[in-house]
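The file target-v3.pdb contains PDB, C-alpha atoms:
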ATOM      1  CA  MET A 187       0.000   0.000   0.000  1.00  0.00           C
ATOM      2  CA  ASN A 188       1.713   3.119  -1.195  1.00  0.00           C
ATOM      3  CA  ALA A 189      -1.340   5.383  -1.476  1.00  0.00           C
ATOM      4  CA  PRO A 190      -1.038   8.442   0.771  1.00  0.00           C
ATOM      5  CA  ARG A 191      -3.661   8.902   3.427  1.00  0.00           C
ATOM      6  CA  SER A 192      -5.945  11.898   3.137  1.00  0.00           C
ATOM      7  CA  ILE A 193      -4.331  14.939   4.697  1.00  0.00           C
ATOM      8  CA  GLY A 194      -7.753  16.404   5.450  1.00  0.00           C
ATOM      9  CA  SER A 195      -8.334  20.117   5.558  1.00  0.00           C
ATOM     10  CA  ALA A 196      -4.983  21.827   5.841  1.00  0.00           C
ATOM     11  CA  ARG A 197      -6.499  24.963   7.384  1.00  0.00           C
ATOM     12  CA  ALA A 198      -8.575  23.273  10.079  1.00  0.00           C
ATOM     13  CA  GLY A 199      -5.698  22.388  12.396  1.00  0.00           C
ATOM     14  CA  LEU A 200      -4.090  25.803  12.167  1.00  0.00           C
ATOM     15  CA  GLY A 201      -7.433  27.469  12.902  1.00  0.00           C
ATOM     16  CA  GLU A 202      -7.876  25.465  16.107  1.00  0.00           C
ATOM     17  CA  TRP A 203      -4.291  26.151  17.125  1.00  0.00           C
ATOM     18  CA  TYR A 204      -4.892  29.862  16.624  1.00  0.00           C
ATOM     19  CA  ILE A 205      -8.209  29.975  18.470  1.00  0.00           C
ATOM     20  CA  GLN A 206      -6.634  28.117  21.396  1.00  0.00           C
ATOM     21  CA  ARG A 207      -3.998  30.895  21.680  1.00  0.00           C
ATOM     22  CA  ILE A 208      -6.441  33.779  21.244  1.00  0.00           C
ATOM     23  CA  THR A 209      -8.817  32.424  23.905  1.00  0.00           C
ATOM     24  CA  SER A 210      -5.878  31.742  26.238  1.00  0.00           C
ATOM     25  CA  ILE A 211      -4.835  35.398  26.045  1.00  0.00           C
ATOM     26  CA  TYR A 212      -8.322  36.593  27.042  1.00  0.00           C
ATOM     27  CA  LEU A 213      -8.549  33.955  29.795  1.00  0.00           C
ATOM     28  CA  ALA A 214      -5.178  34.997  31.228  1.00  0.00           C
ATOM     29  CA  GLY A 215      -5.971  38.718  30.935  1.00  0.00           C
ATOM     30  CA  PHE A 216      -9.354  38.355  32.639  1.00  0.00           C
ATOM     31  CA  THR A 217      -7.783  36.223  35.387  1.00  0.00           C
ATOM     32  CA  ILE A 218      -5.224  38.942  36.128  1.00  0.00           C
ATOM     33  CA  TYR A 219      -7.965  41.606  36.078  1.00  0.00           C
ATOM     34  CA  LEU A 220     -10.138  39.525  38.436  1.00  0.00           C
ATOM     35  CA  VAL A 221      -7.327  38.921  40.938  1.00  0.00           C
ATOM     36  CA  LEU A 222      -6.365  42.612  40.975  1.00  0.00           C
ATOM     37  CA  ARG A 223     -10.019  43.754  41.162  1.00  0.00           C
ATOM     38  CA  LEU A 224     -10.864  41.537  44.126  1.00  0.00           C
ATOM     39  CA  TRP A 225      -7.563  42.241  45.847  1.00  0.00           C
ATOM     40  CA  LEU A 226      -7.537  46.049  45.534  1.00  0.00           C
ATOM     41  CA  ASP A 227     -11.260  46.547  46.099  1.00  0.00           C
ATOM     42  CA  PRO A 228     -12.794  43.438  47.728  1.00  0.00           C
ATOM     43  CA  LEU A 229     -16.476  42.632  47.414  1.00  0.00           C
ATOM     44  CA  PRO A 230     -17.186  41.676  51.025  1.00  0.00           C
ATOM     45  CA  ASP A 231     -20.901  40.836  51.014  1.00  0.00           C
ATOM     46  CA  TYR A 232     -23.894  39.841  48.922  1.00  0.00           C
ATOM     47  CA  VAL A 233     -24.938  43.410  48.099  1.00  0.00           C
ATOM     48  CA  ALA A 234     -21.476  44.381  46.845  1.00  0.00           C
ATOM     49  CA  TRP A 235     -21.106  41.098  44.896  1.00  0.00           C
ATOM     50  CA  ARG A 236     -24.544  41.385  43.318  1.00  0.00           C
ATOM     51  CA  SER A 237     -24.243  45.061  42.377  1.00  0.00           C
ATOM     52  CA  TRP A 238     -20.847  44.405  40.804  1.00  0.00           C
ATOM     53  CA  PHE A 239     -22.525  41.784  38.601  1.00  0.00           C
ATOM     54  CA  ALA A 240     -25.389  44.159  37.801  1.00  0.00           C
ATOM     55  CA  GLN A 241     -22.984  46.324  35.766  1.00  0.00           C
ATOM     56  CA  GLY A 242     -23.219  45.685  32.030  1.00  0.00           C
ATOM     57  CA  PRO A 243     -19.474  45.756  31.264  1.00  0.00           C
ATOM     58  CA  VAL A 244     -18.757  43.332  34.116  1.00  0.00           C
ATOM     59  CA  ARG A 245     -21.322  40.832  32.852  1.00  0.00           C
ATOM     60  CA  LEU A 246     -20.030  41.272  29.295  1.00  0.00           C
ATOM     61  CA  ALA A 247     -16.464  40.584  30.451  1.00  0.00           C
ATOM     62  CA  TRP A 248     -17.667  37.495  32.362  1.00  0.00           C
ATOM     63  CA  GLY A 249     -19.663  36.352  29.338  1.00  0.00           C
ATOM     64  CA  LEU A 250     -16.603  36.622  27.088  1.00  0.00           C
ATOM     65  CA  PHE A 251     -14.567  34.814  29.745  1.00  0.00           C
ATOM     66  CA  ILE A 252     -16.992  31.897  29.982  1.00  0.00           C
ATOM     67  CA  ALA A 253     -17.361  31.683  26.188  1.00  0.00           C
ATOM     68  CA  SER A 254     -13.564  31.687  25.746  1.00  0.00           C
ATOM     69  CA  LEU A 255     -13.238  29.090  28.500  1.00  0.00           C
ATOM     70  CA  LEU A 256     -15.713  26.714  26.858  1.00  0.00           C
ATOM     71  CA  VAL A 257     -14.137  27.082  23.397  1.00  0.00           C
ATOM     72  CA  HIS A 258     -10.676  26.616  24.950  1.00  0.00           C
ATOM     73  CA  ALA A 259     -11.916  23.516  26.807  1.00  0.00           C
ATOM     74  CA  TRP A 260     -13.466  22.094  23.628  1.00  0.00           C
ATOM     75  CA  ILE A 261     -10.263  22.413  21.576  1.00  0.00           C
ATOM     76  CA  GLY A 262      -8.112  21.158  24.458  1.00  0.00           C
ATOM     77  CA  LEU A 263     -10.255  18.100  25.175  1.00  0.00           C
ATOM     78  CA  ARG A 264     -10.548  17.337  21.451  1.00  0.00           C
ATOM     79  CA  SER A 265      -6.769  17.229  21.099  1.00  0.00           C
ATOM     80  CA  VAL A 266      -6.484  15.011  24.185  1.00  0.00           C
ATOM     81  CA  PHE A 267      -9.142  12.671  22.728  1.00  0.00           C
ATOM     82  CA  MET A 268      -7.419  12.599  19.342  1.00  0.00           C
ATOM     83  CA  ASP A 269      -4.160  11.571  21.010  1.00  0.00           C
ATOM     84  CA  TYR A 270      -5.404   8.939  23.444  1.00  0.00           C
ATOM     85  CA  LEU A 271      -8.876   7.671  22.523  1.00  0.00           C
ATOM     86  CA  ARG A 272      -9.074   4.710  20.200  1.00  0.00           C
ATOM     87  CA  PRO A 273     -11.027   3.398  18.293  1.00  0.00           C
ATOM     88  CA  ALA A 274     -12.591   6.281  16.377  1.00  0.00           C
ATOM     89  CA  ALA A 275     -16.091   5.383  17.590  1.00  0.00           C
ATOM     90  CA  LEU A 276     -15.069   5.993  21.200  1.00  0.00           C
ATOM     91  CA  ARG A 277     -13.519   9.312  20.203  1.00  0.00           C
ATOM     92  CA  PHE A 278     -16.731  10.269  18.410  1.00  0.00           C
ATOM     93  CA  VAL A 279     -18.952   9.460  21.393  1.00  0.00           C
ATOM     94  CA  ALA A 280     -16.641  11.291  23.819  1.00  0.00           C
ATOM     95  CA  SER A 281     -16.520  14.368  21.557  1.00  0.00           C
ATOM     96  CA  LEU A 282     -20.302  14.304  21.199  1.00  0.00           C
ATOM     97  CA  LEU A 283     -20.897  14.158  24.957  1.00  0.00           C
ATOM     98  CA  VAL A 284     -18.293  16.826  25.717  1.00  0.00           C
ATOM     99  CA  GLY A 285     -19.588  19.054  22.923  1.00  0.00           C
ATOM    100  CA  PHE A 286     -23.179  19.002  24.137  1.00  0.00           C
ATOM    101  CA  GLY A 287     -22.030  19.212  27.759  1.00  0.00           C
ATOM    102  CA  LEU A 288     -20.019  22.377  27.099  1.00  0.00           C
ATOM    103  CA  LEU A 289     -22.862  23.843  25.042  1.00  0.00           C
ATOM    104  CA  ALA A 290     -25.249  23.196  27.952  1.00  0.00           C
ATOM    105  CA  LEU A 291     -22.822  24.880  30.364  1.00  0.00           C
ATOM    106  CA  GLY A 292     -22.690  27.879  28.016  1.00  0.00           C
ATOM    107  CA  LEU A 293     -26.477  28.210  27.908  1.00  0.00           C
ATOM    108  CA  TRP A 294     -26.660  27.841  31.685  1.00  0.00           C
ATOM    109  CA  ALA A 295     -23.988  30.542  32.112  1.00  0.00           C
ATOM    110  CA  ALA A 296     -25.899  32.858  29.762  1.00  0.00           C
ATOM    111  CA  GLN A 297     -29.021  32.324  31.866  1.00  0.00           C
ATOM    112  CA  ILE A 298     -27.106  33.200  35.068  1.00  0.00           C
ATOM    113  CA  LEU A 299     -25.657  36.367  33.540  1.00  0.00           C
ATOM    114  CA  PHE A 300     -28.988  37.527  32.070  1.00  0.00           C
ATOM    115  CA  ALA A 301     -30.749  36.887  35.390  1.00  0.00           C
ATOM    116  CA  SER A 302     -28.298  39.028  37.387  1.00  0.00           C
ATOM    117  CA  ASN A 303     -28.834  42.312  35.523  1.00  0.00           C
ATOM    118  CA  THR A 304     -30.525  44.128  38.403  1.00  0.00           C
TER     119      THR A 304
ATOM    120  CA  MET B 180       4.127   4.033   3.426  1.00  0.00           C
ATOM    121  CA  GLU B 181       5.061   0.552   4.631  1.00  0.00           C
ATOM    122  CA  LYS B 182       5.286   0.229   8.392  1.00  0.00           C
ATOM    123  CA  ASN B 183       8.395  -1.390   9.775  1.00  0.00           C
ATOM    124  CA  LYS B 184       6.869  -4.055  11.999  1.00  0.00           C
ATOM    125  CA  THR B 185      10.201  -4.994  13.557  1.00  0.00           C
ATOM    126  CA  ARG B 186      11.197  -1.501  14.662  1.00  0.00           C
ATOM    127  CA  PRO B 187      11.939  -1.370  18.371  1.00  0.00           C
ATOM    128  CA  VAL B 188       9.154   0.029  20.548  1.00  0.00           C
ATOM    129  CA  PHE B 189       9.889   1.050  24.105  1.00  0.00           C
ATOM    130  CA  LEU B 190       6.795   2.141  25.971  1.00  0.00           C
ATOM    131  CA  ASN B 191       7.386   1.091  29.556  1.00  0.00           C
ATOM    132  CA  LEU B 192       5.901   4.103  31.313  1.00  0.00           C
ATOM    133  CA  LEU B 193       7.580   3.148  34.590  1.00  0.00           C
ATOM    134  CA  GLN B 194      11.023   3.297  33.023  1.00  0.00           C
ATOM    135  CA  ILE B 195      10.682   6.200  30.607  1.00  0.00           C
ATOM    136  CA  ARG B 196      12.172   9.236  32.300  1.00  0.00           C
ATOM    137  CA  LEU B 197      10.575  12.331  30.851  1.00  0.00           C
ATOM    138  CA  PRO B 198      12.633  15.519  30.794  1.00  0.00           C
ATOM    139  CA  ILE B 199      11.160  18.283  32.961  1.00  0.00           C
ATOM    140  CA  GLY B 200       9.623  19.929  29.882  1.00  0.00           C
ATOM    141  CA  GLY B 201       7.712  16.720  29.202  1.00  0.00           C
ATOM    142  CA  VAL B 202       6.490  16.523  32.805  1.00  0.00           C
ATOM    143  CA  VAL B 203       5.213  20.114  32.678  1.00  0.00           C
ATOM    144  CA  SER B 204       3.583  19.473  29.312  1.00  0.00           C
ATOM    145  CA  ILE B 205       1.702  16.425  30.674  1.00  0.00           C
ATOM    146  CA  LEU B 206       0.731  18.462  33.759  1.00  0.00           C
ATOM    147  CA  HIS B 207      -0.732  21.115  31.452  1.00  0.00           C
ATOM    148  CA  ARG B 208      -2.979  18.488  29.858  1.00  0.00           C
ATOM    149  CA  ALA B 209      -3.913  16.745  33.101  1.00  0.00           C
ATOM    150  CA  THR B 210      -4.783  19.991  34.918  1.00  0.00           C
ATOM    151  CA  GLY B 211      -6.707  21.175  31.855  1.00  0.00           C
ATOM    152  CA  VAL B 212      -8.902  18.063  31.777  1.00  0.00           C
ATOM    153  CA  LEU B 213      -9.479  18.129  35.549  1.00  0.00           C
ATOM    154  CA  LEU B 214     -10.344  21.844  35.498  1.00  0.00           C
ATOM    155  CA  VAL B 215     -13.039  21.245  32.864  1.00  0.00           C
ATOM    156  CA  LEU B 216     -14.606  18.634  35.147  1.00  0.00           C
ATOM    157  CA  THR B 217     -14.989  21.244  37.916  1.00  0.00           C
ATOM    158  CA  LEU B 218     -16.910  23.693  35.685  1.00  0.00           C
ATOM    159  CA  PRO B 219     -20.448  22.468  36.539  1.00  0.00           C
ATOM    160  CA  TRP B 220     -19.764  22.951  40.270  1.00  0.00           C
ATOM    161  CA  LEU B 221     -18.218  26.371  39.776  1.00  0.00           C
ATOM    162  CA  LEU B 222     -21.170  27.481  37.662  1.00  0.00           C
ATOM    163  CA  TYR B 223     -23.591  26.140  40.272  1.00  0.00           C
ATOM    164  CA  GLY B 224     -21.711  28.103  42.943  1.00  0.00           C
ATOM    165  CA  LEU B 225     -21.843  31.275  40.841  1.00  0.00           C
ATOM    166  CA  GLN B 226     -25.584  30.850  40.305  1.00  0.00           C
ATOM    167  CA  GLN B 227     -26.280  30.274  44.003  1.00  0.00           C
ATOM    168  CA  SER B 228     -24.092  33.204  45.069  1.00  0.00           C
ATOM    169  CA  LEU B 229     -26.105  35.538  42.853  1.00  0.00           C
ATOM    170  CA  SER B 230     -29.607  34.231  43.619  1.00  0.00           C
ATOM    171  CA  GLY B 231     -30.158  35.832  47.015  1.00  0.00           C
ATOM    172  CA  PRO B 232     -28.661  36.740  50.409  1.00  0.00           C
ATOM    173  CA  ALA B 233     -29.609  33.363  51.948  1.00  0.00           C
ATOM    174  CA  GLU B 234     -28.082  31.340  49.088  1.00  0.00           C
ATOM    175  CA  TYR B 235     -24.995  33.565  49.163  1.00  0.00           C
ATOM    176  CA  ALA B 236     -24.570  32.965  52.889  1.00  0.00           C
ATOM    177  CA  ALA B 237     -25.077  29.210  52.444  1.00  0.00           C
ATOM    178  CA  ILE B 238     -22.372  29.007  49.741  1.00  0.00           C
ATOM    179  CA  MET B 239     -19.981  31.099  51.831  1.00  0.00           C
ATOM    180  CA  ALA B 240     -20.565  28.885  54.863  1.00  0.00           C
ATOM    181  CA  ARG B 241     -19.862  25.772  52.812  1.00  0.00           C
ATOM    182  CA  LEU B 242     -16.650  27.265  51.439  1.00  0.00           C
ATOM    183  CA  THR B 243     -15.222  27.811  54.918  1.00  0.00           C
ATOM    184  CA  THR B 244     -15.364  24.129  55.903  1.00  0.00           C
ATOM    185  CA  LEU B 245     -12.046  22.271  55.962  1.00  0.00           C
ATOM    186  CA  PRO B 246     -12.724  19.900  53.007  1.00  0.00           C
ATOM    187  CA  ALA B 247     -13.858  22.869  50.914  1.00  0.00           C
ATOM    188  CA  ARG B 248     -10.699  24.796  51.773  1.00  0.00           C
ATOM    189  CA  VAL B 249      -8.495  21.849  50.795  1.00  0.00           C
ATOM    190  CA  LEU B 250     -10.430  21.405  47.536  1.00  0.00           C
ATOM    191  CA  MET B 251     -10.138  25.133  46.789  1.00  0.00           C
ATOM    192  CA  LEU B 252      -6.367  24.970  47.306  1.00  0.00           C
ATOM    193  CA  VAL B 253      -6.080  21.961  44.972  1.00  0.00           C
ATOM    194  CA  LEU B 254      -8.245  23.731  42.403  1.00  0.00           C
ATOM    195  CA  LEU B 255      -6.225  26.912  42.721  1.00  0.00           C
ATOM    196  CA  TRP B 256      -2.949  25.022  42.306  1.00  0.00           C
ATOM    197  CA  MET B 257      -4.269  23.274  39.183  1.00  0.00           C
ATOM    198  CA  PHE B 258      -5.426  26.591  37.750  1.00  0.00           C
ATOM    199  CA  ALA B 259      -2.110  28.297  38.557  1.00  0.00           C
ATOM    200  CA  GLN B 260      -0.094  25.421  37.043  1.00  0.00           C
ATOM    201  CA  HIS B 261      -2.240  25.494  33.890  1.00  0.00           C
ATOM    202  CA  PHE B 262      -1.952  29.298  33.752  1.00  0.00           C
ATOM    203  CA  PHE B 263       1.863  29.310  34.017  1.00  0.00           C
ATOM    204  CA  SER B 264       2.484  26.308  31.769  1.00  0.00           C
ATOM    205  CA  GLY B 265       0.087  27.953  29.304  1.00  0.00           C
ATOM    206  CA  ILE B 266       2.240  31.085  29.339  1.00  0.00           C
ATOM    207  CA  ARG B 267       5.217  28.771  28.783  1.00  0.00           C
ATOM    208  CA  HIS B 268       3.502  27.427  25.660  1.00  0.00           C
ATOM    209  CA  LEU B 269       2.877  30.954  24.395  1.00  0.00           C
ATOM    210  CA  LEU B 270       6.544  31.867  24.957  1.00  0.00           C
ATOM    211  CA  LEU B 271       7.672  28.703  23.135  1.00  0.00           C
ATOM    212  CA  ASP B 272       5.336  29.651  20.256  1.00  0.00           C
ATOM    213  CA  LEU B 273       7.244  32.938  20.046  1.00  0.00           C
ATOM    214  CA  ASP B 274      10.517  30.958  19.886  1.00  0.00           C
ATOM    215  CA  LEU B 275      11.458  32.178  23.357  1.00  0.00           C
ATOM    216  CA  GLY B 276      13.175  29.744  25.707  1.00  0.00           C
ATOM    217  CA  MET B 277      13.889  27.168  23.022  1.00  0.00           C
ATOM    218  CA  GLU B 278      17.527  26.511  23.907  1.00  0.00           C
ATOM    219  CA  LYS B 279      17.894  23.385  26.081  1.00  0.00           C
ATOM    220  CA  HIS B 280      18.946  24.993  29.356  1.00  0.00           C
ATOM    221  CA  ALA B 281      16.588  27.942  29.007  1.00  0.00           C
ATOM    222  CA  ALA B 282      13.734  25.531  28.187  1.00  0.00           C
ATOM    223  CA  ARG B 283      14.430  23.469  31.316  1.00  0.00           C
ATOM    224  CA  ARG B 284      14.640  26.576  33.475  1.00  0.00           C
ATOM    225  CA  LEU B 285      11.336  27.805  32.048  1.00  0.00           C
ATOM    226  CA  ALA B 286       9.659  24.459  32.836  1.00  0.00           C
ATOM    227  CA  TRP B 287      10.971  24.514  36.426  1.00  0.00           C
ATOM    228  CA  LEU B 288       9.853  28.130  36.729  1.00  0.00           C
ATOM    229  CA  THR B 289       6.201  27.192  36.027  1.00  0.00           C
ATOM    230  CA  LEU B 290       6.340  24.637  38.877  1.00  0.00           C
ATOM    231  CA  ALA B 291       7.914  27.192  41.211  1.00  0.00           C
ATOM    232  CA  ALA B 292       5.348  29.859  40.317  1.00  0.00           C
ATOM    233  CA  SER B 293       2.347  27.580  40.896  1.00  0.00           C
ATOM    234  CA  ALA B 294       3.894  26.387  44.176  1.00  0.00           C
ATOM    235  CA  LEU B 295       4.259  30.024  45.234  1.00  0.00           C
ATOM    236  CA  VAL B 296       0.598  30.695  44.413  1.00  0.00           C
ATOM    237  CA  LEU B 297      -0.331  27.641  46.500  1.00  0.00           C
ATOM    238  CA  VAL B 298       1.687  28.891  49.480  1.00  0.00           C
ATOM    239  CA  LEU B 299       0.266  32.430  49.255  1.00  0.00           C
ATOM    240  CA  ALA B 300      -3.278  31.067  48.958  1.00  0.00           C
ATOM    241  CA  GLY B 301      -2.644  28.689  51.858  1.00  0.00           C
ATOM    242  CA  ILE B 302      -1.658  31.652  54.023  1.00  0.00           C
ATOM    243  CA  ALA B 303      -4.626  33.749  52.865  1.00  0.00           C
ATOM    244  CA  LEU B 304      -7.222  30.991  53.352  1.00  0.00           C
TER     245      LEU B 304
END
Can you give me the file's structure in the form of structure tokens?
Amino acid sequence: MNAPRSIGSARAGLGEWYIQRITSIYLAGFTIYLVLRLWLDPLPDYVAWRSWFAQGPVRLAWGLFIASLLVHAWIGLRSVFMDYLRPAALRFVASLLVGFGLLALGLWAAQILFASNT
Amino acid sequence: MEKNKTRPVFLNLLQIRLPIGGVVSILHRATGVLLVLTLPWLLYGLQQSLSGPAEYAAIMARLTTLPARVLMLVLLWMFAQHFFSGIRHLLLDLDLGMEKHAARRLAWLTLAASALVLVLAGIAL
């Protein structure tokens, strides 16, 4: 057998690689912001915590954080599955479950953020 | 491409000694997978903390118990290790720290940084 295997879509891998880096930069930046924010100006009780979340920009920043986190988790878990899970059927089922699981977490997070706007 | 069926394969995981860069790389993966598994609980905690004063107080009370503190420290260490080894990956992408000794120092540095975060958090908690 000398026929080459399909090399698939040449762009797909690079795209994932890139998205993993872009999301990581937002995740790291937001983490640093969060640590500094809570350290320099702590939110000591429910009222302070809740009114911080009631601000639009704060919820937007959290929303971007959670979205980046879920995308980052998806690409990361997919590459772990592709390296260690055999046969392909097992990989498919694991990706399916993780994909829907992360999507569900995203919808749940959106619900939490929309509900805390007052 | 014909596979060489007689090529030597050495995969005894107990005898393979990974260089420190390999250890940190595996740690990045392991902490990443474990951190994803904690997401449902973190999201539940966020939801409860924002749903009302009583729920907020209940979550806070649960977080001050000893098992919760230990779990939080483990979680924080995993996050810090993933954070620093992630920065290591970004630096390697930029061709920084590629030389053998610099690469080993960088890998050790991620372990030292996450250990420092663990100590500081241990004092604060």
Quick one: residues within 12 Å of B:His207, only C-alpha atoms, excluding same-chain residues fewer than 2 positions away - as a ChimeraX atom specification? /A:262-263,266 /B:200-205,209-214,256-268,286,289-290,293
May I have the residues within 9 Å of A:Tyr232 as a compact mmCIF listing (two decimals) with C-alpha atoms, keeping the file's coordinate frame, using only C-alpha atoms and disregarding those fewer than 4 positions away in the same chain?
# COMPACT_ATOMS: atom_id res chain seq x y z
CA ARG A 236 -24.54 41.38 43.32
CA SER A 237 -24.24 45.06 42.38
CA SER B 228 -24.09 33.20 45.07
CA LEU B 229 -26.10 35.54 42.85
CA GLY B 231 -30.16 35.83 47.02
CA PRO B 232 -28.66 36.74 50.41
CA TYR B 235 -25.00 33.56 49.16
CA ALA B 236 -24.57 32.97 52.89
Do you know which residues lie at most 12 Å from (-16.6, 21.6, 30.8), with coordinates as in the file and all atoms listed in the file counted, and could you write them as a PyMOL selection string? (chain A and resi 252-264+281+283-292+294-295) or (chain B and resi 211-222)
For chain A, which residue out of B:Glu234, B:Trp287, B:Val298, B:Leu304 is the nearest one, using only C-alpha atoms?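 Closest residue, counting only C-alpha atoms: B:Glu234.
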Counting all atoms listed in the file, figure out which residue out of B:Val296, B:Ile195, B:Met251, B:Ala282 gets nearest to chain A.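 When distances to chain A are compared using all atoms listed in the file, the smallest one comes from B:Val296.
Across the model, the gap from atom CA of B:Ala291 to atom CA of A:Pro228 is 27.1 Å.
Proximity to chain A was assessed for B:Leu250, B:Ile199, B:Leu193, B:Leu225 counting only C-alpha atoms; the smallest distance is recorded for B:Leu225.
Here the question is which of A:Leu200, A:Ala275, A:Ala214, A:Leu226 gets nearest to chain B using all atoms listed in the file, and that residue is A:Ala214.
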